[in-house]
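Structure, as structure tokens:
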Amino acid sequence: MRNRITTKSSNVLAARIQKKGYSSKSNALYIPETKEKLPEILFITSYPPRECGIATYSQDLIQALNKKFKHSFKIKICPLESKNEQHVYSEPTQYILNTDHPNAFQNLAAKINDNVAIQIVLIQHEFGLFRKNEADFRQFLNTILKPVIIAFHTVLPNPNESLKENVQEISGSAHSIIVMTSSSAKILINDYGLTPEKITIIAHGTHLVPHSDKALLKEKYKLTGRNVLSTFGLLSSGKSIETTLDALPNIIKENDDVLFLIIGKTHPSVAKEEGEKYRLMLEAKIEALQLQNHVQFINRYLSLSDLLEYLQLTDIYLFTSKDPNQAVSGTFSYAMSCGCPIVSTPIPHACEVLCGESGIIVDFGNVQQLAKEVNLLLFDEQLRKKISTNALHKIAPTVWENAAIAHVLLFGKIAEDKFSLHYKIPEINLDHIKKLTTSFGMIQFSNINQPDINSGYTLDDNARAMVAMCQHFELTKDIADLEYIRIYFDFIKHCMQPEGYFLNYVDENNLFTKQNNTTNLADSNGRAIWALGYLISLGDLIPQDLVKVAQTTMHTALLNVNKIHSTRAMAFVIKGVYYSNTKNKSAQNVALIKELANRLVQMYRHESDKKWAWFESYLTYGNSILPEALLCAWLATGDLIYKETAKSSFDFLLSKIFRDECINVVSNKGWLHKESEFIPLPVGGEQPIDVAYTILALSKFYDAFKEDAYLQKMEIAFSWFLGNNHLKQIIYNPCTGGCYDGLEETNINLNQGAESTVSYLMARLTVKKTFKKILKHSKTIESQMEFYLKLNNKKQFT
């Protein structure tokens, strides 16, 4: 059987259908909810309200899985309890495992075996959780007839024979082992004799963070003017917070504005055994060292949002654990995701992720070394920024959304294709679009998600932004959109020169740059005309004063288009004139479309042959715009040559960029040349704009030809933003509403600039409009179900 998960174009049906038990939500590609039982994954783990790291980890992972995927599986939770650790759970729990009762293990195994829906059992393992019943736990694993995955949260090196035998028996009963670092995997292989094939490394998840302004956060928490050091987590002596307290006098000598935040309450199990002994010791040390004005306890369990804000306002995060065998720390990961420069003791996790100038390592308990490194960082803001940026890029692949994808891929491998994977579509979020937009226009680049005004503005970005905002207004009728449409339109007018052509590059002072003199601006002019035409096509919705000025501007811009010979520029012009012509039909418009379309057809005839159905001898960027433009030409003129050329060229392009239910657009690392058409496309260098343009074209071709394959490919292409790409990582950031700037061979470019963010929004709105249109024409539930089955090549629901 195939060991893979399929991404199917199944979410194509109606919003909120109550009859016959079907429903869907507006933020998803629509899928009917049937009475079919989905495969279940049973999590056996400690779980909130129990206060421990594994409980929080499991809750975060489960929430990520449920947010990331729709109608793919169901997650059931079996909390671990003991005689002294019992809770009431806010989420429904079908099972509970009390580890102090030996019979509980066998009873649970019987229930799991009897439940045909359960396909996988995932156990979050920590030795302390099963310390009193290790033999019962091993017998439990041997009794379960379903595939078992064990996630080891602790992996101890140099085991004695008893520990080694225990881990080997546990691992032998599991189908797969998850660890969170490469170091842990190496220990299992070298010290315990496990085979590499059985081990999967999935890093501890981290939260997406908006990276708010540090000064504003300090003001909010009344910490303005302080250099903030922090550490957080459930307190216990293993954290060795006294190391920082002993270093503070030397730190304060050089930085008297330092404040050290100790965030977190005492660990519940520690509190039960010894009360507040450790905290009282720390308080006594603070008093003895006269640090009262430089240390603050936040002695409570913070909400996630508050915790992330405290970490974002932190100038340096300190991790001083004295346990050399601590494999991983969730607190450490959270700090990295918030952009905190970290000074840490050399636990394996720290050594692995803080290399390459991503943080600073100090020896266990070395007070002088800790003080020296903290002072070094406090005096060097640029070094702090460098470390922070490096750490953010290092930690980005570990966000919970990516952890969820990695887990689901493992589920599919183990369950032998019993999972059908459907990505849940994020809600439309304009936050980053608005953040990038000033009263003058849309800023070109961002540093991570902070707009970089020094990068200036471009006509390209503002033209695309106007198209996207017009799409949004068309769908939502949100009056607030008009303000942004006017801003982008005014920018386009600003770029128009008296001769009727446009300049592209504008600096932060709203002045045209010298780059306009050295760059071919044909494509930029084409994009401006596309945007103007799209605006005019919404003439019944947009204020008439805006429409009239747009018509005048476009009339002037079209005076020079006969001089354009760039293939893509001509395509953009065709699209713009086509959209304008849908509202203001004229013989002049049709004549111009024909003139430019004939040029494209002539190029196609010159270059194409039986194996190469394209306009040029290579595939480069923005390829789908060419066949889409010819399709628009056919719709405007009725000339069949445009229709035939559009379809043959587009289907050829799709054959090159879709493989194994994934899109792989032509990379900027190397174009696909005619003579090397059988060479695989380079990995990496994929841009969101190319994926977005493909989605726009797929929508237009589906409208024209009603071929379900175009819809299937549209969902596949959109899932590229959501993680269906060669790195299996998200490209769209649902926390900020921004889109990352590119998919490289081994990493994601985390900057969320205008081109990528607007491209995602255009794609998202195109998907919404396309499926909304389908629903409107599928008037009955029967016709919608028939369409669903046809689209997915299914004879019936099972």
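Please note that chains go A, B, ... in the order of the structure tokens, that every chain numbers its residues from 1, and that ligands are numbered from 1 in the order shown.
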Show which residues sit within 12 Å of segment 549-557 of chain A, as number ranges by chain. Count only C-alpha atoms, and ignore same-chain residues fewer than 3 positions away.
-> A: 466, 485-486, 488-490, 492-503, 522, 524-539, 542-546, 560-564, 573, 576-577, 579-581, 583-584, 588-589
Do a neighbour search on segment 370-379 of chain A at 7 Å with only C-alpha atoms, toss out local chain neighbours closer than 3 positions, and write the hits as a short mmCIF file (atom, residue, chain, number, x, y, z; two decimals) with N, CA, C and O atoms, in the first residue's frame.
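So the final result, stored in part_35.cif, reads:
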data_model
loop_
_atom_site.label_atom_id
_atom_site.label_comp_id
_atom_site.auth_asym_id
_atom_site.auth_seq_id
_atom_site.Cartn_x
_atom_site.Cartn_y
_atom_site.Cartn_z
N ALA A 247 25.14 36.46 39.87
CA ALA A 247 25.80 37.25 38.82
C ALA A 247 25.31 38.69 38.78
O ALA A 247 26.00 39.56 38.25
N LEU A 248 24.13 38.96 39.33
CA LEU A 248 23.53 40.28 39.20
C LEU A 248 24.37 41.43 39.76
O LEU A 248 24.43 42.50 39.14
N ASN A 250 27.53 41.96 39.69
CA ASN A 250 28.50 42.35 38.66
C ASN A 250 27.82 42.93 37.43
O ASN A 250 28.39 43.78 36.74
N ILE A 251 26.61 42.48 37.14
CA ILE A 251 25.87 43.04 36.01
C ILE A 251 25.42 44.46 36.34
O ILE A 251 25.55 45.39 35.53
N VAL A 362 27.11 29.40 28.20
CA VAL A 362 28.00 29.58 29.35
C VAL A 362 28.04 28.26 30.13
O VAL A 362 27.13 27.44 30.04
N ASN A 366 28.57 28.93 36.25
CA ASN A 366 29.70 29.87 36.15
C ASN A 366 29.16 31.30 36.24
O ASN A 366 28.75 31.89 35.25
N VAL A 367 29.20 31.85 37.45
CA VAL A 367 28.62 33.16 37.73
C VAL A 367 29.36 34.27 36.99
O VAL A 367 28.74 35.16 36.38
N LEU A 383 24.60 43.52 18.28
CA LEU A 383 24.83 42.10 18.50
C LEU A 383 23.55 41.42 18.97
O LEU A 383 23.23 40.30 18.53
N ARG A 384 22.81 42.12 19.84
CA ARG A 384 21.53 41.54 20.30
C ARG A 384 20.58 41.34 19.12
O ARG A 384 19.92 40.32 19.01
#
So which residues touch Asn190 of chain A within 12 Å, counting only C-alpha atoms, skipping near sequence neighbours fewer than 2 positions away, as a ChimeraX atom specification?
-> /A:155-159,164,183-188,192-196
Quick one: everything within 9 Å of Thr154 of chain A, counting only C-alpha atoms, minus sequence neighbours fewer than 5 positions away in the same chain. Send it as an mmCIF file with C-alpha atoms, in the first residue's frame.
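Output (out-v9.cif):
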data_model
loop_
_atom_site.group_PDB
_atom_site.id
_atom_site.type_symbol
_atom_site.label_atom_id
_atom_site.label_comp_id
_atom_site.auth_asym_id
_atom_site.auth_seq_id
_atom_site.Cartn_x
_atom_site.Cartn_y
_atom_site.Cartn_z
ATOM 1 C CA HIS A 125 6.551 9.578 27.584
ATOM 2 C CA GLU A 126 8.430 10.852 30.602
ATOM 3 C CA PHE A 127 9.987 8.310 32.977
ATOM 4 C CA VAL A 179 12.388 12.787 19.747
ATOM 5 C CA SER A 184 18.433 12.683 21.437
ATOM 6 C CA ASN A 325 20.963 15.705 30.472
ATOM 7 C CA GLN A 326 17.909 17.925 29.971
ATOM 8 C CA ALA A 327 17.155 17.042 26.377
ATOM 9 C CA VAL A 328 14.831 19.911 25.535
#
Segment 385-399 of chain A: which residues within 8 Å, counting only C-alpha atoms, same-chain residues fewer than 3 positions away excluded, as a ChimeraX atom specification?
-> /A:202-208,333,336-341,353-354,356-359,381-382,402-403,729,747,750
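Using only C-alpha atoms, the smallest distance between any of A:Gln168, A:Thr99, A:Ser303, A:Ser58 and Ile123 of chain A comes from A:Ser58.
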Picked from segment 147-351 of chain A by DSSP as helix (DSSP H, G or I), as a PyMOL selection string = chain A and resi 161-173+182-190+196-198+214-220+237-239+241-254+268-274+277-288+304-313+330-337+348-351
Identify, on the basis of only C-alpha atoms, every residue whose closest approach to Ala597 of chain A does not exceed 8 Å; exclude the query and any residue fewer than 5 positions from it along the same chain; express the result as a ChimeraX atom specification.
-> /A:571,574,629-630,633,642
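The spacing separating atom CA of His294 of chain A from atom CA of Gly264 of chain A amounts to 17.1 Å.
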Selected residue, from A:Leu307, A:Ala64, A:Leu245, A:Leu761, that lies nearest to Ile286 of chain A when counting only C-alpha atoms | A:Leu245
